[in-house]
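Containing compact mmCIF, C-alpha atoms: start14.txt.
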# COMPACT_ATOMS: atom_id res chain seq x y z
CA MET U 1212 -45.35 -32.36 -11.49
CA LEU U 1213 -42.83 -34.57 -9.67
CA ASN U 1214 -44.16 -37.44 -7.54
CA ARG U 1215 -42.07 -39.32 -5.01
CA ILE U 1216 -42.06 -43.07 -5.63
CA PRO U 1217 -43.15 -44.87 -2.43
CA SER U 1218 -40.83 -47.76 -1.62
CA THR U 1219 -41.49 -48.31 2.09
CA ARG U 1220 -44.62 -48.84 4.20
CA GLU U 1221 -44.23 -45.32 5.61
CA ASP U 1222 -43.95 -43.84 2.10
CA VAL U 1223 -47.12 -45.59 0.97
CA PHE U 1224 -49.28 -44.38 3.85
CA ALA U 1225 -47.85 -40.85 3.72
CA ASN U 1226 -48.56 -40.53 -0.02
CA LYS U 1227 -51.67 -38.42 -0.65
CA THR U 1228 -51.93 -39.02 -4.40
CA ILE U 1229 -52.55 -42.79 -4.23
CA PRO U 1230 -56.17 -43.87 -3.54
CA THR U 1231 -56.72 -46.00 -0.43
CA ARG U 1232 -57.69 -49.09 -2.41
CA SER U 1233 -54.56 -48.78 -4.55
CA LYS U 1234 -52.45 -48.40 -1.41
CA ARG U 1235 -53.69 -51.78 -0.19
CA SER U 1236 -52.74 -53.38 -3.50
CA LEU U 1237 -49.31 -51.78 -3.43
CA MET U 1238 -48.71 -52.86 0.17
CA LYS U 1239 -49.68 -56.40 -0.77
CA PHE U 1240 -47.04 -56.38 -3.50
CA LEU U 1241 -44.34 -54.86 -1.29
CA LYS U 1242 -44.90 -57.55 1.36
CA PHE U 1243 -44.77 -60.19 -1.38
CA VAL U 1244 -41.54 -58.98 -2.98
CA LEU U 1245 -39.72 -58.73 0.36
CA ASP U 1246 -40.17 -62.50 0.76
CA PHE U 1247 -40.62 -63.57 -2.85
CA GLU U 1248 -38.17 -66.50 -2.60
CA SER U 1249 -40.19 -68.25 0.13
CA GLU U 1250 -42.06 -71.37 -0.95
CA PRO U 1251 -45.66 -70.01 -0.89
CA HIS U 1252 -44.68 -66.91 -2.90
CA ALA U 1253 -42.36 -68.78 -5.27
CA GLN U 1254 -45.28 -70.98 -6.35
CA LEU U 1255 -47.01 -67.85 -7.62
CA TRP U 1256 -44.24 -66.30 -9.70
CA LYS U 1257 -41.87 -69.09 -10.78
CA PRO U 1258 -44.27 -70.53 -13.40
CA LYS U 1259 -44.31 -66.98 -14.86
CA ALA U 1260 -40.62 -66.19 -14.32
CA LYS U 1261 -40.01 -65.23 -17.96
CA ASP U 1262 -43.26 -63.29 -18.38
CA ASP U 1263 -43.43 -59.50 -18.51
CA LEU U 1264 -43.37 -57.96 -15.03
CA ALA U 1265 -45.93 -55.26 -15.87
CA ALA U 1266 -48.52 -57.87 -16.92
CA PHE U 1267 -47.77 -59.88 -13.76
CA LEU U 1268 -48.34 -56.83 -11.56
CA GLU U 1269 -51.67 -56.15 -13.24
CA SER U 1270 -53.01 -59.70 -13.16
CA GLU U 1271 -51.79 -60.82 -9.72
CA PHE U 1272 -51.85 -57.58 -7.70
CA LYS U 1273 -54.34 -55.42 -9.62
CA LEU U 1274 -51.91 -52.50 -9.77
CA ASP U 1275 -53.12 -49.66 -11.98
CA HIS U 1276 -51.03 -47.99 -14.69
CA ASP U 1277 -49.46 -45.41 -12.37
CA LEU U 1278 -48.49 -47.94 -9.72
CA ARG U 1279 -47.04 -50.27 -12.35
CA SER U 1280 -44.92 -47.35 -13.58
CA TYR U 1281 -43.67 -46.74 -10.04
CA VAL U 1282 -42.71 -50.38 -9.56
CA LEU U 1283 -41.03 -50.70 -12.96
CA THR U 1284 -39.01 -47.56 -12.26
CA LEU U 1285 -37.46 -49.26 -9.23
CA THR U 1286 -35.90 -51.84 -11.59
CA LEU U 1287 -34.02 -49.06 -13.48
CA SER U 1288 -34.72 -50.92 -16.72
CA LEU U 1289 -33.51 -48.86 -19.68
CA ASP U 1290 -35.98 -50.33 -22.16
CA GLY U 1291 -38.90 -50.53 -19.71
CA ARG U 1292 -39.23 -54.27 -20.25
CA VAL U 1293 -38.16 -56.67 -17.53
CA THR U 1294 -39.09 -60.26 -16.73
CA VAL U 1295 -40.85 -61.29 -13.55
CA ALA U 1296 -37.77 -63.10 -12.21
CA ASP U 1297 -35.36 -60.23 -12.91
CA GLY U 1298 -37.79 -57.56 -11.76
CA LEU U 1299 -38.58 -59.19 -8.42
CA THR U 1300 -34.87 -59.69 -7.76
CA LEU U 1301 -34.02 -56.06 -8.53
CA ILE U 1302 -36.89 -54.62 -6.49
CA ASN U 1303 -36.12 -56.91 -3.54
CA ARG U 1304 -32.49 -55.75 -3.61
CA HIS U 1305 -33.59 -52.12 -3.62
CA LEU U 1306 -36.02 -52.52 -0.73
CA THR U 1307 -33.74 -54.66 1.44
CA SER U 1308 -30.84 -52.26 0.83
CA MET U 1309 -32.76 -49.35 2.36
CA GLY U 1310 -30.82 -48.18 5.40
CA VAL U 1311 -27.67 -50.20 4.67
CA PHE U 1312 -25.66 -47.03 4.07
CA GLY U 1313 -27.50 -44.96 6.67
CA THR U 1314 -31.13 -44.14 7.36
CA GLY U 1315 -32.99 -43.55 4.11
CA PHE U 1316 -30.09 -44.52 1.84
CA ALA U 1317 -30.12 -47.66 -0.32
CA ALA U 1318 -27.18 -47.21 -2.70
CA VAL U 1319 -23.80 -45.66 -3.37
CA TYR U 1320 -23.79 -43.38 -6.41
CA PRO U 1321 -20.62 -42.82 -8.47
CA LYS U 1322 -19.49 -39.34 -9.39
CA TRP U 1323 -19.54 -37.94 -12.92
CA GLY U 1324 -22.50 -40.04 -14.05
CA GLY U 1325 -20.56 -43.20 -14.85
CA LEU U 1326 -18.22 -45.90 -13.59
CA SER U 1327 -14.92 -44.09 -14.13
CA GLU U 1328 -14.15 -44.27 -10.42
CA ILE U 1329 -14.30 -48.07 -10.53
CA ALA U 1330 -11.77 -48.06 -13.38
CA GLN U 1331 -9.56 -45.79 -11.27
CA VAL U 1332 -9.81 -48.22 -8.35
CA GLY U 1333 -8.60 -50.97 -10.70
CA CYS U 1334 -5.61 -48.87 -11.76
CA ARG U 1335 -4.72 -48.11 -8.15
CA ALA U 1336 -5.03 -51.76 -7.13
CA ALA U 1337 -2.80 -52.77 -10.06
CA ALA U 1338 -0.20 -50.20 -9.04
CA VAL U 1339 -0.18 -51.55 -5.48
CA GLY U 1340 0.46 -55.00 -6.94
CA GLY U 1341 3.47 -53.76 -8.89
CA ALA U 1342 1.90 -52.87 -12.24
CA VAL U 1343 2.61 -49.75 -14.28
CA TYR U 1344 -0.23 -47.77 -15.83
CA MET U 1345 0.28 -44.89 -18.23
CA LEU U 1346 -2.21 -42.04 -18.42
CA GLY U 1347 -3.09 -40.67 -21.84
CA THR U 1348 -1.37 -43.53 -23.67
CA GLY U 1349 -3.02 -46.10 -25.90
CA ILE U 1350 -2.14 -48.83 -28.36
CA SER U 1351 -1.63 -47.89 -32.00
CA GLU U 1352 -0.61 -51.33 -33.27
CA ALA U 1353 -0.25 -54.89 -31.98
CA ARG U 1354 1.00 -58.02 -33.72
CA VAL U 1355 1.91 -61.58 -32.79
CA VAL U 1356 5.60 -62.43 -33.19
CA PRO U 1357 7.74 -65.47 -32.33
CA ALA U 1358 8.85 -65.46 -28.72
CA ALA U 1359 12.44 -64.84 -27.74
CA GLN U 1360 14.90 -67.53 -28.74
CA GLY U 1361 14.81 -70.51 -26.44
CA SER U 1362 11.45 -69.72 -24.81
CA GLY U 1363 9.24 -71.02 -27.61
CA GLY U 1364 5.67 -70.03 -28.40
CA GLU U 1365 4.48 -66.55 -29.36
CA GLU U 1366 4.32 -63.11 -27.82
CA ILE U 1367 2.73 -59.75 -28.59
CA GLU U 1368 4.67 -56.79 -29.94
CA VAL U 1369 2.77 -53.64 -29.01
CA LYS U 1370 3.41 -50.16 -30.36
CA LEU U 1371 2.06 -47.45 -28.07
CA THR U 1372 0.70 -44.09 -29.18
CA ASN U 1373 3.90 -42.46 -27.89
CA ASP U 1374 5.90 -44.68 -30.34
CA VAL U 1375 7.35 -46.84 -27.56
CA VAL U 1376 7.43 -50.55 -28.49
CA VAL U 1377 7.00 -53.20 -25.79
CA LYS U 1378 6.64 -56.96 -25.86
CA SER U 1379 4.29 -59.01 -23.73
CA ARG U 1380 3.35 -62.62 -23.21
CA ILE U 1381 -0.36 -61.72 -23.15
CA LEU U 1382 -2.43 -58.74 -24.31
CA VAL U 1383 -5.88 -57.95 -22.93
CA GLN U 1384 -7.85 -55.19 -24.65
CA ASP U 1385 -11.29 -54.00 -25.73
CA TRP U 1386 -12.98 -55.02 -28.95
CA ALA U 1387 -12.10 -52.50 -31.66
CA ASN U 1388 -15.33 -53.18 -33.58
CA LEU U 1389 -18.68 -53.72 -31.89
CA ALA U 1390 -21.15 -56.23 -33.23
CA ALA U 1391 -24.21 -54.87 -35.00
CA GLY U 1392 -27.46 -54.91 -33.07
CA CYS U 1393 -25.97 -54.22 -29.63
CA THR U 1394 -28.00 -51.87 -27.46
CA SER U 1395 -26.63 -48.36 -26.93
CA GLN U 1396 -27.81 -45.50 -24.79
CA CYS U 1397 -28.08 -41.82 -25.54
CA ARG U 1398 -26.82 -39.57 -22.74
CA LEU U 1399 -27.07 -35.89 -21.90
CA THR U 1400 -25.15 -34.10 -19.15
CA ALA U 1401 -26.39 -30.65 -18.13
CA VAL U 1402 -24.98 -28.17 -15.62
CA VAL U 1403 -27.84 -26.11 -14.17
CA GLU U 1404 -27.61 -22.78 -12.34
CA SER U 1405 -29.71 -23.87 -9.37
CA SER U 1406 -29.06 -25.71 -6.12
CA MET U 1407 -32.46 -27.47 -6.50
CA PRO U 1408 -33.16 -27.67 -2.74
CA ALA U 1409 -36.47 -29.47 -3.33
CA MET U 1410 -34.59 -32.43 -4.82
CA PHE U 1411 -32.35 -32.96 -1.81
CA GLU U 1412 -34.62 -32.84 1.22
CA THR U 1413 -33.98 -35.11 4.19
CA ILE U 1414 -36.57 -37.87 4.45
CA ALA U 1415 -36.24 -38.54 8.19
CA GLU U 1416 -35.20 -36.55 11.22
CA GLY U 1417 -31.50 -36.70 11.96
CA THR U 1418 -30.49 -38.13 8.58
CA PRO U 1419 -27.83 -36.56 6.33
CA THR U 1420 -28.94 -34.38 3.45
CA PRO U 1421 -28.90 -36.47 0.25
CA CYS U 1422 -26.84 -35.22 -2.66
CA VAL U 1423 -28.31 -37.45 -5.41
CA SER U 1424 -31.88 -37.98 -6.60
CA ILE U 1425 -33.17 -40.19 -9.42
CA VAL U 1426 -35.99 -38.87 -11.62
CA ALA U 1427 -37.79 -41.17 -14.07
CA PHE U 1428 -39.99 -40.37 -17.05
CA PRO U 1429 -42.00 -43.55 -17.83
CA PRO U 1430 -42.68 -44.62 -21.43
CA GLY U 1431 -45.31 -42.40 -23.03
CA SER U 1432 -44.79 -39.51 -20.60
CA LEU U 1433 -42.84 -37.33 -23.07
CA THR U 1434 -44.38 -36.01 -26.30
CA ARG U 1435 -42.36 -34.32 -29.04
CA SER U 1436 -43.67 -31.40 -31.09
CA ASP U 1437 -44.54 -33.75 -33.97
CA GLY U 1438 -46.80 -35.80 -31.68
CA THR U 1439 -44.52 -38.82 -31.24
CA VAL U 1440 -44.21 -40.11 -27.69
CA SER U 1441 -41.36 -41.77 -25.83
CA ASP U 1442 -41.21 -45.55 -26.25
CA HIS U 1443 -38.67 -46.08 -23.48
CA PRO U 1444 -38.11 -44.61 -20.03
CA VAL U 1445 -35.84 -41.62 -19.54
CA TYR U 1446 -33.84 -41.46 -16.32
CA ALA U 1447 -32.17 -38.43 -14.78
CA SER U 1448 -29.60 -38.67 -12.01
CA VAL U 1449 -29.54 -35.27 -10.31
CA HIS U 1450 -26.38 -34.39 -8.35
CA SER U 1451 -25.97 -31.46 -5.99
CA SER U 1452 -22.77 -29.51 -5.36
CA ASP U 1453 -22.22 -31.68 -2.26
CA THR U 1454 -20.94 -34.38 -4.63
CA GLY U 1455 -17.98 -32.12 -5.42
CA GLU U 1456 -18.81 -32.19 -9.13
CA CYS U 1457 -19.87 -28.55 -9.48
CA PRO U 1458 -19.66 -25.23 -7.58
CA SER U 1459 -22.09 -24.33 -4.82
CA GLY U 1460 -25.37 -23.02 -6.21
CA GLN U 1461 -25.27 -25.34 -9.21
CA SER U 1462 -26.41 -28.90 -9.91
CA ILE U 1463 -25.66 -31.49 -12.57
CA VAL U 1464 -28.29 -33.60 -14.32
CA TYR U 1465 -27.21 -36.83 -16.04
CA LEU U 1466 -29.96 -38.07 -18.39
CA SER U 1467 -30.03 -41.35 -20.29
CA THR U 1468 -32.33 -43.45 -22.46
CA ILE U 1469 -32.11 -46.16 -25.12
CA SER U 1470 -30.58 -44.80 -28.34
CA GLY U 1471 -32.88 -44.15 -31.27
CA PRO U 1472 -33.62 -41.57 -33.98
CA THR U 1473 -35.40 -39.25 -31.52
CA SER U 1474 -33.45 -40.02 -28.34
CA LYS U 1475 -31.48 -36.76 -28.24
CA ASP U 1476 -34.66 -34.70 -28.66
CA LEU U 1477 -36.39 -36.70 -25.91
CA LEU U 1478 -33.52 -36.09 -23.48
CA GLU U 1479 -33.69 -32.35 -24.17
CA LEU U 1480 -37.46 -32.50 -23.67
CA ALA U 1481 -37.05 -34.42 -20.42
CA LEU U 1482 -34.55 -31.85 -19.15
CA SER U 1483 -36.89 -28.95 -19.98
CA SER U 1484 -39.85 -30.74 -18.39
CA PHE U 1485 -37.85 -31.46 -15.25
CA LEU U 1486 -36.65 -27.86 -14.87
CA ARG U 1487 -40.21 -26.55 -15.38
CA ALA U 1488 -41.54 -28.95 -12.75
CA LEU U 1489 -38.92 -27.71 -10.28
CA SER U 1490 -40.21 -24.13 -10.38
CA PRO U 1491 -43.68 -24.00 -11.99
CA ASP U 1492 -44.36 -20.51 -10.61
CA GLN U 1493 -40.92 -19.05 -11.27
CA ASP U 1494 -38.48 -18.63 -14.12
CA GLN U 1495 -36.98 -21.91 -15.30
CA PRO U 1496 -33.42 -22.44 -14.00
CA LYS U 1497 -30.74 -21.60 -16.56
CA CYS U 1498 -28.78 -24.42 -18.18
CA LEU U 1499 -25.11 -23.37 -18.21
CA TYR U 1500 -23.64 -26.25 -20.18
CA ARG U 1501 -24.82 -29.28 -22.17
CA LEU U 1502 -22.95 -32.34 -23.40
CA SER U 1503 -24.68 -35.10 -25.35
CA TYR U 1504 -23.18 -38.34 -26.62
CA GLU U 1505 -23.96 -41.96 -27.39
CA GLN U 1506 -22.55 -44.77 -25.28
CA ARG U 1507 -22.34 -47.97 -27.28
CA GLY U 1508 -22.95 -51.24 -25.51
CA GLY U 1509 -21.83 -54.78 -26.22
CA THR U 1510 -22.35 -58.32 -25.02
CA GLY U 1511 -20.11 -58.05 -21.95
CA ALA U 1512 -18.28 -61.23 -23.02
CA PHE U 1513 -14.56 -62.01 -22.74
CA ASP U 1514 -13.06 -63.97 -25.63
CA VAL U 1515 -9.58 -65.44 -26.00
CA ASP U 1516 -7.74 -65.52 -29.34
CA LYS U 1517 -4.40 -67.29 -28.80
CA VAL U 1518 -2.41 -64.84 -26.64
CA THR U 1519 -4.94 -62.01 -26.86
CA GLY U 1520 -7.95 -61.52 -24.60
CA LEU U 1521 -10.79 -59.34 -25.84
CA PHE U 1522 -13.37 -57.56 -23.68
CA SER U 1523 -16.67 -56.61 -25.26
CA PRO U 1524 -18.23 -53.46 -23.74
CA HIS U 1525 -20.85 -54.34 -21.16
CA PRO U 1526 -24.55 -53.94 -21.96
CA PRO U 1527 -25.90 -50.58 -20.78
CA HIS U 1528 -27.17 -50.58 -17.20
CA LEU U 1529 -28.10 -47.75 -14.87
CA ALA U 1530 -27.21 -49.76 -11.77
CA PHE U 1531 -23.97 -51.68 -11.39
CA ASP U 1532 -24.49 -55.25 -12.57
CA ASP U 1533 -22.50 -57.85 -10.63
CA ALA U 1534 -22.30 -59.89 -13.85
CA LEU U 1535 -19.73 -57.34 -15.06
CA LEU U 1536 -17.19 -59.07 -12.83
CA ILE U 1537 -17.56 -62.46 -14.56
CA PRO U 1538 -15.43 -61.56 -17.63
CA VAL U 1539 -12.91 -59.91 -15.29
CA ARG U 1540 -12.42 -63.25 -13.55
CA LYS U 1541 -12.03 -64.97 -16.94
CA ALA U 1542 -9.34 -62.47 -17.92
CA TRP U 1543 -7.55 -63.09 -14.63
CA ASP U 1544 -7.63 -66.85 -15.24
CA MET U 1545 -6.18 -66.29 -18.72
CA VAL U 1546 -3.31 -64.15 -17.45
CA MET U 1547 -2.48 -66.40 -14.50
CA GLY U 1548 -2.62 -69.58 -16.58
CA ASP U 1549 -1.86 -72.83 -14.77
CA SER U 1550 -1.10 -71.01 -11.52
CA ALA U 1551 -4.61 -69.53 -11.33
CA GLY U 1552 -5.82 -72.19 -8.94
CA ASP U 1553 -2.92 -71.61 -6.55
CA VAL U 1554 -3.58 -67.92 -5.99
CA GLU U 1555 -6.63 -66.38 -4.35
CA TYR U 1556 -8.55 -64.18 -6.76
CA MET U 1557 -8.48 -60.44 -5.94
CA GLN U 1558 -6.68 -60.99 -2.63
CA PHE U 1559 -3.87 -58.48 -2.17
CA GLU U 1560 -1.09 -58.75 0.36
CA ASP U 1561 -0.48 -55.76 2.59
CA ARG U 1562 2.23 -53.46 1.32
CA GLU U 1563 5.52 -53.75 3.15
CA GLY U 1564 5.38 -51.76 6.36
CA ALA U 1565 1.72 -50.79 5.96
CA VAL U 1566 0.58 -52.82 8.96
CA ASP U 1567 3.38 -51.48 11.13
CA ASP U 1568 2.52 -47.92 10.14
CA ASP U 1569 -1.14 -48.48 11.02
CA ASP U 1570 -0.20 -49.94 14.41
CA ALA U 1571 2.08 -47.02 15.16
CA PHE U 1572 -0.65 -44.55 14.24
CA ALA U 1573 -3.17 -46.37 16.44
CA ALA U 1574 -0.78 -46.21 19.36

Conversion result in structure tokens:
Amino acid sequence: MLNRIPSTREDVFANKTIPTRSKRSLMKFLKFVLDFESEPHAQLWKPKAKDDLAAFLESEFKLDHDLRSYVLTLTLSLDGRVTVADGLTLINRHLTSMGVFGTGFAAVYPKWGGLSEIAQVGCRAAAVGGAVYMLGTGISEARVVPAAQGSGGEEIEVKLTNDVVVKSRILVQDWANLAAGCTSQCRLTAVVESSMPAMFETIAEGTPTPCVSIVAFPPGSLTRSDGTVSDHPVYASVHSSDTGECPSGQSIVYLSTISGPTSKDLLELALSSFLRALSPDQDQPKCLYRLSYEQRGGTGAFDVDKVTGLFSPHPPHLAFDDALLIPVRKAWDMVMGDSAGDVEYMQFEDREGAVDDDDAFAA
């Protein structure tokens, strides 16, 4: 059975599965988190900022197990463990974002279940600035060599996978080898032969039909055939054909959880459970295609080794983490060198003639 997570006052009072007493406790928490930075509220949580959020919800707001699961789901924590400080910040951002992108909408969801579109934006922005990017081409070898005669210092000689050799003053790339112990996530993408209309219902009159829904399976909600239960949450991002990712009459489900020995089985189990819950009295929708893989995470750091800058893959997150932009700024400072302070970061001049074209069009 699928239950909608209440995240507004209207949702709480319209929910028929939450007892009245529990609704009062939940409303008390929602009012608290909307103003958690104010002095009276800060006195309550700041001494416990590094404590576990679930324990805080139980002791301070008397939320039962189900309500704690609802609240923790709003943090989109992959491991199900989040501190009081981080959890309150994430939930506040979710609640205060409601309606920013239109009535009932709190976020922008990327296509294809990842952040590839953001990488594409970076490539396009670089091209506008005069850079060249080559699709389907990588680096097969790179070595430091003395710079051209008279210039002094060192430079990088890079051999591309198409056997072209280029030289550069600076090379920025990903770490080739990830450090042991970094968190990874197991992912499953499934194309389903169903439009899943129940997942994309409008929540208020006059609002657009949503094309993405998030489904969460809290820890302990999935049980394998051998009796073992899920230790971590499983999340499913369900996309309709309105996203442009699949034909009409189909949907795509992107599932993810922390990697472990049983993660792949748990994702398959979550997918089956979700499809059964969609149509309990009918045949289960057919899965047309499955793709499973592991996405390895890193520290998200940016390190400099002489004339080479190295990005570590970012830690796995379901929601975009603004901290991802910190190493990007460090890389920019490295490339710009002494002139970094004289140029505004990420400020691009209009392309020649672009303003004139816009004015002409407006006229």

Ser1523 of chain U surroundings by only C-alpha atoms, 9 Å radius, close-in-sequence under 3 positions cut, as a ChimeraX atom specification: /U:1384-1387,1389,1508-1514,1526

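Every protein or nucleic acid residue with an atom no more than 9 Å from Leu1285 of chain U, counting all atoms listed in the file and leaving out same-chain residues fewer than 3 positions away, appears here: Ile1216, Ser1218, Ser1280, Tyr1281, Val1282, Ser1288, Gly1298, Leu1301, Ile1302 and His1305 of chain U.
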
Just the selected residues (C-alpha atoms), exported as a compact mmCIF listing (two decimals), keeping the file's coordinate frame, please.
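Result file is selection.txt:
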# COMPACT_ATOMS: atom_id res chain seq x y z
CA ILE U 1216 -42.06 -43.07 -5.63
CA SER U 1218 -40.83 -47.76 -1.62
CA SER U 1280 -44.92 -47.35 -13.58
CA TYR U 1281 -43.67 -46.74 -10.04
CA VAL U 1282 -42.71 -50.38 -9.56
CA SER U 1288 -34.72 -50.92 -16.72
CA GLY U 1298 -37.79 -57.56 -11.76
CA LEU U 1301 -34.02 -56.06 -8.53
CA ILE U 1302 -36.89 -54.62 -6.49
CA HIS U 1305 -33.59 -52.12 -3.62

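Residue nearest Thr1314 of chain U, chosen from U:Gly1471, U:Gly1520, U:Pro1421, U:Pro1258 and counting all atoms listed in the file: U:Pro1421.
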
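Neighbouring residues of Arg1292 of chain U at 8 Å or closer, counting all atoms listed in the file and skipping chain neighbours under 3 positions away, are Asp1263, Leu1264, Ser1288 and Leu1289 of chain U.
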
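Nearest residue to Phe1485 of chain U, choosing from U:Ser1327, U:Asn1214, U:Gln1558, U:Ser1233 and counting all atoms listed in the file: U:Asn1214.
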
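You can rank U:Glu1328, U:Asp1476, U:Glu1269, U:Asp1262 by their closest distance to Ala1296 of chain U using all atoms listed in the file, and at the top of that list sits U:Asp1262.
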
Contacts of segment 1247-1252 of chain U at 10 Å or less, counting all atoms listed in the file, minus same-chain residues fewer than 3 places along, as a CSV table (one decimal) with C-alpha atoms, keeping the file's coordinate frame?
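Saved as result.csv:
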chain,number,residue,atom,x,y,z
U,1240,PHE,CA,-47.0,-56.4,-3.5
U,1241,LEU,CA,-44.3,-54.9,-1.3
U,1242,LYS,CA,-44.9,-57.6,1.4
U,1243,PHE,CA,-44.8,-60.2,-1.4
U,1244,VAL,CA,-41.5,-59.0,-3.0
U,1255,LEU,CA,-47.0,-67.8,-7.6
U,1256,TRP,CA,-44.2,-66.3,-9.7
U,1257,LYS,CA,-41.9,-69.1,-10.8
U,1296,ALA,CA,-37.8,-63.1,-12.2
U,1299,LEU,CA,-38.6,-59.2,-8.4
U,1300,THR,CA,-34.9,-59.7,-7.8
U,1303,ASN,CA,-36.1,-56.9,-3.5

For Ala1318 of chain U: contacts at 9 Å, all atoms listed in the file, fewer than 5 positions along chain excluded, given as a ChimeraX atom specification: /U:1305,1308-1312

Can I get the selection written as a compact mmCIF listing (two decimals), in the coordinates of the input, with C-alpha atoms?
# COMPACT_ATOMS: atom_id res chain seq x y z
CA HIS U 1305 -33.59 -52.12 -3.62
CA SER U 1308 -30.84 -52.26 0.83
CA MET U 1309 -32.76 -49.35 2.36
CA GLY U 1310 -30.82 -48.18 5.40
CA VAL U 1311 -27.67 -50.20 4.67
CA PHE U 1312 -25.66 -47.03 4.07

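Restricting the calculation to only C-alpha atoms, the smallest distance between Ile1414 of chain U and any of U:Thr1219, U:Gln1493, U:Thr1228, U:Ser1448 is found for U:Thr1219.
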
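The two atoms in question, atom CA of Ala1481 of chain U and atom CA of Lys1497 of chain U, are spaced 14.8 Å apart.
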